[in-house]
Protein chains: 2
Amino acid sequence: MKKYIFIIGLALFAFSCKQSDNTSQKINVDPLPSWNEGTNKKAIIDFVTNITKEGSDKFIPIESRIAVFDNDGTLWCEQPLYFEMVYSIDATKEIATKSAELQKKPEIKALVSGDKATFMKSGEKGVLESFAISHTAVSPDEFDKMAQAWLDTATNAKFNQKYINLTYKPMVELLQYLRNNQFKTYIVSGGSSMFIRNFSQKAYGIPAEQIIGTMFKAEYKNGKISLKPEVWHNDDNVGKPEGIYNIIGKKPVLAFGNSDGDFEMLEWTSTNNSLPNLSLLLHHTDDVREIAYDSLSHIGQLKRGLVEGPAKGWMIVDMKKDFNKVFSYEK
Amino acid sequence: MKKYIFIIGLALFAFSCKQSDNTSQKINVDPLPSWNEGTNKKAIIDFVTNITKEGSDKFIPIESRIAVFDNDGTLWCEQPLYFEMVYSIDATKEIATKSAELQKKPEIKALVSGDKATFMKSGEKGVLESFAISHTAVSPDEFDKMAQAWLDTATNAKFNQKYINLTYKPMVELLQYLRNNQFKTYIVSGGSSMFIRNFSQKAYGIPAEQIIGTMFKAEYKNGKISLKPEVWHNDDNVGKPEGIYNIIGKKPVLAFGNSDGDFEMLEWTSTNNSLPNLSLLLHHTDDVREIAYDSLSHIGQLKRGLVEGPAKGWMIVDMKKDFNKVFSYEK
């Protein structure tokens, strides 16, 4: 009898040891089920495996495991129009409807009266005016309320899905896989921090403080922050490594983008990096499940990266070939 | 015999259970041993206890536990001259010695020739020139090397200690106590991010990416970041809440400063905050162990905070009364 109790005691001890041994649980679970088997998936898993292996010459200390991701076209869809631009137009219309002052601008008046064609014809000027209104003509709190309400309801016509469901499932898996390996995951986006912060935690598991986006000039007065219609940080192209240097203060070891606006971020990550590193570009090649576009696209143009990236050792992820599922809403 | 082995087996099991039960270890350990018992210590511990109690109406979710700390005069000593200014003068001298161009400026020439009096007489102009040289005339990598070397060796004459040893022991304990309770601790400082990043992890356990300081305009080109002698973000006064809004994107629930340069950060934290919050000012009252100063000081002036703070519910921490040890080097 005592023998059995002794065995039970030892078994309990062994079991409790096993419980705390996380490494034993990692084996045999595919961390990236929405990625097809192949060179790219293998290279990603090999990279993470090597840099987390203590004693390996490729080991990266936890505090240096900084991974940066572009948002539009990398973590979620950006076609046929940046989703934040769709929001901006909707919100500007709502805000300007109540303001005779804002309607003095012909393109804003056109927007309010439902004449989208005239607004779109105004080009960059109209877009910038719209952003200034939607993002800075209301308080930051009001902005958050409006953006949340929009994200909860607005639907993308092409996919007949809420925008928030149009994140890429394989990318969300990759973010989680990296965090499971003690990476700190950041979004570094040409979109605005304030917009992305309204869905990044829920959609990607990335908290507000790990978003670097385009930012407006903040102005503090009497306990309140308001925003001026003036860009403080333009987080695109050179703005990406510049923002990362000043705000994170560490060179990333993994950078993932999809357009030439990400070129400098990937270039900085892969140039003179004292640590092993991986730079990746998502190539939109799937005209059936998403939209195929690259060097000629009006949005998310990818030309230089495709030409120069491979010689720099960057991985070109092929959406059609590498993703067995595209969107997060897919079962 | 078997009986003893059984007991050993059970004991091992019990021990392993205890090991993984962190909560049981928290009891009866003073988290703030360098703080004297009293109203302030009790209020800090009560605050943390209440906001971490699930189900309590004061509970703060982990993702909202953002604590911001000023650095100079709050986490380490700032007298008789900001330590970063001492560094800047030393580094400028070293850099300018090798540059005839930089020595064209009379105050820099004076510095190189050892005529500190003339340099100091040039006032703000000389100081800004010195900062521009020490922080931006060399590459960020070179800056880090020089700052590290200085921090490893330079000694504060008054205390005959390396600067890094002049952090406040009770404050380092508070940072750790907050992190043990799932706070994310940030430094929000008028000093430069790039200088603080060279000791914040070691001195405070705060990583580079949780530093918001004054920042220079970064410029990216061909894989390299350089800095222009132009302030991009002045992280003092209104710059503190403005920087927190744009970079963290969450209103803090705890803010700790020591001078009127922190007023706006504490005011923002304690105004219209939807969550329980605590704002604190460190009052330098100890002329024996440190330096007593407030409203008349040339550095770290504290006047408005002392007058208006208490009515806003801010806690005034009294160094003489509340700290039983002051510096980290004290046993």
# chains A, B, ... in the order shown; residues from 1 in each chain; ligands from 1

call {"tool": "select_by_dssp", "arguments": {"residues": "region 131-272 of chain A", "states": "strand (DSSP E or B)", "output": "MDAnalysis selection string"}}
result
chainID A and resid 155:156 161:162 167:168 184:192 211:221 224:233 254:257

call {"tool": "calpha_fit_rmsd", "arguments": {"fixed": "chain B", "moving": "chain A"}}
result
1.2 Å

call {"tool": "select_by_dssp", "arguments": {"residues": "region 107-213 of chain B", "states": "helix (DSSP H, G or I)", "output": "ChimeraX atom specification"}}
result
/B:107-112,116-121,123-136,140-153,163-166,169-180,193-196,200-204,208-210

call {"tool": "residues_around", "arguments": {"residues": "region 114-125 of chain B", "least_positions_apart": "6", "cutoff": "12 Å", "atoms": "only C-alpha atoms", "output": "list in words"}}
result
Leu81, Met85, Val86, Ile89, Asp90, Thr92, Lys93, Glu94, Ala96, Thr97, Lys105, Pro106, Glu107, Ile108, Phe131 and Ala132 of chain B

call {"tool": "closest_residue", "arguments": {"among": "A:Glu129, A:Glu63, A:Asp262, A:Asp30", "to": "chain B", "atoms": "only C-alpha atoms"}}
result
A:Glu63

call {"tool": "residues_around", "arguments": {"residues": "Asp235 (chain B)", "least_positions_apart": "6", "cutoff": "9 Å", "atoms": "only C-alpha atoms", "output": "compact mmCIF listing (two decimals) with N, CA, C and O atoms, in the first residue's frame"}}
result
# COMPACT_ATOMS: atom_id res chain seq x y z
N VAL B 188 9.44 59.71 -18.36
CA VAL B 188 9.03 60.84 -19.21
C VAL B 188 9.82 62.04 -18.71
O VAL B 188 9.52 62.62 -17.67
N SER B 189 10.87 62.37 -19.44
CA SER B 189 11.90 63.25 -18.92
C SER B 189 12.23 64.41 -19.84
O SER B 189 12.20 64.26 -21.07
N GLY B 190 12.59 65.53 -19.26
CA GLY B 190 13.11 66.65 -20.03
C GLY B 190 14.49 66.35 -20.59
O GLY B 190 14.92 66.96 -21.57
N GLY B 191 15.19 65.40 -19.99
CA GLY B 191 16.48 64.95 -20.52
C GLY B 191 16.27 64.22 -21.84
O GLY B 191 15.14 63.95 -22.25
N SER B 192 17.35 63.89 -22.51
CA SER B 192 17.20 63.25 -23.83
C SER B 192 16.96 61.76 -23.68
O SER B 192 17.57 61.10 -22.83
N ILE B 212 10.43 58.23 -22.80
CA ILE B 212 10.08 59.38 -23.63
C ILE B 212 10.87 60.55 -23.07
O ILE B 212 10.69 60.94 -21.92
N GLY B 213 11.77 61.06 -23.88
CA GLY B 213 12.56 62.20 -23.44
C GLY B 213 12.59 63.23 -24.54
O GLY B 213 11.88 63.12 -25.54
N THR B 214 13.42 64.25 -24.34
CA THR B 214 13.61 65.21 -25.41
C THR B 214 14.36 64.50 -26.55
O THR B 214 15.24 63.69 -26.30
N MET B 215 13.93 64.77 -27.77
CA MET B 215 14.49 64.05 -28.91
C MET B 215 14.92 65.03 -30.00
O MET B 215 14.26 66.04 -30.23
N PRO B 241 2.67 65.68 -21.31
CA PRO B 241 1.41 65.03 -21.71
C PRO B 241 1.28 64.89 -23.23
O PRO B 241 0.72 63.90 -23.71
N GLU B 242 1.80 65.84 -23.97
CA GLU B 242 1.72 65.74 -25.44
C GLU B 242 2.48 64.51 -25.94
O GLU B 242 1.98 63.76 -26.78
N GLY B 243 3.68 64.30 -25.40
CA GLY B 243 4.46 63.13 -25.78
C GLY B 243 3.79 61.83 -25.36
O GLY B 243 3.76 60.85 -26.11

call {"tool": "closest_residue", "arguments": {"among": "B:Pro140, B:Gly257, B:Pro33, B:Pro170", "to": "Ile187 (chain B)", "atoms": "only C-alpha atoms"}}
result
B:Gly257

call {"tool": "closest_residue", "arguments": {"among": "A:Ala110, A:Val317, A:Arg65, A:Ile95", "to": "Val48 (chain A)", "atoms": "only C-alpha atoms"}}
result
A:Arg65

call {"tool": "residues_around", "arguments": {"residues": "Tyr163 (chain B)", "least_positions_apart": "5", "cutoff": "9 Å", "atoms": "only C-alpha atoms", "output": "list in words"}}
result
Trp76, Cys77, Phe83, Leu151, Asp152, Thr153, Ala154, Thr155 and Asn156 of chain B

call {"tool": "write_last_selection", "arguments": {"atoms": "N, CA, C and O atoms", "output": "mmCIF file, in the first residue's frame"}}
result
data_model
loop_
_atom_site.group_PDB
_atom_site.id
_atom_site.type_symbol
_atom_site.label_atom_id
_atom_site.label_comp_id
_atom_site.auth_asym_id
_atom_site.auth_seq_id
_atom_site.Cartn_x
_atom_site.Cartn_y
_atom_site.Cartn_z
ATOM 1 N N TRP B 76 16.710 60.097 -10.005
ATOM 2 C CA TRP B 76 18.088 60.284 -9.552
ATOM 3 C C TRP B 76 18.309 61.763 -9.290
ATOM 4 O O TRP B 76 17.491 62.603 -9.651
ATOM 5 N N CYS B 77 19.428 62.034 -8.648
ATOM 6 C CA CYS B 77 19.763 63.398 -8.221
ATOM 7 C C CYS B 77 19.984 64.313 -9.436
ATOM 8 O O CYS B 77 20.373 63.842 -10.507
ATOM 9 N N PHE B 83 22.894 65.900 -14.481
ATOM 10 C CA PHE B 83 24.029 65.026 -14.806
ATOM 11 C C PHE B 83 24.270 64.967 -16.320
ATOM 12 O O PHE B 83 25.394 64.863 -16.780
ATOM 13 N N LEU B 151 29.438 57.070 -18.160
ATOM 14 C CA LEU B 151 28.644 56.554 -17.035
ATOM 15 C C LEU B 151 29.431 55.514 -16.240
ATOM 16 O O LEU B 151 29.250 55.380 -15.028
ATOM 17 N N ASP B 152 30.320 54.794 -16.914
ATOM 18 C CA ASP B 152 31.125 53.771 -16.230
ATOM 19 C C ASP B 152 32.197 54.377 -15.338
ATOM 20 O O ASP B 152 32.706 53.696 -14.445
ATOM 21 N N THR B 153 32.564 55.633 -15.609
ATOM 22 C CA THR B 153 33.745 56.163 -14.917
ATOM 23 C C THR B 153 33.523 57.493 -14.192
ATOM 24 O O THR B 153 34.085 57.706 -13.121
ATOM 25 N N ALA B 154 32.720 58.383 -14.765
ATOM 26 C CA ALA B 154 32.617 59.746 -14.214
ATOM 27 C C ALA B 154 32.042 59.719 -12.801
ATOM 28 O O ALA B 154 31.190 58.899 -12.464
ATOM 29 N N THR B 155 32.530 60.640 -11.979
ATOM 30 C CA THR B 155 32.170 60.661 -10.570
ATOM 31 C C THR B 155 31.621 62.019 -10.172
ATOM 32 O O THR B 155 32.145 63.057 -10.567
ATOM 33 N N ASN B 156 30.567 62.001 -9.387
ATOM 34 C CA ASN B 156 29.997 63.226 -8.849
ATOM 35 C C ASN B 156 30.818 63.647 -7.638
ATOM 36 O O ASN B 156 30.996 62.868 -6.693
#
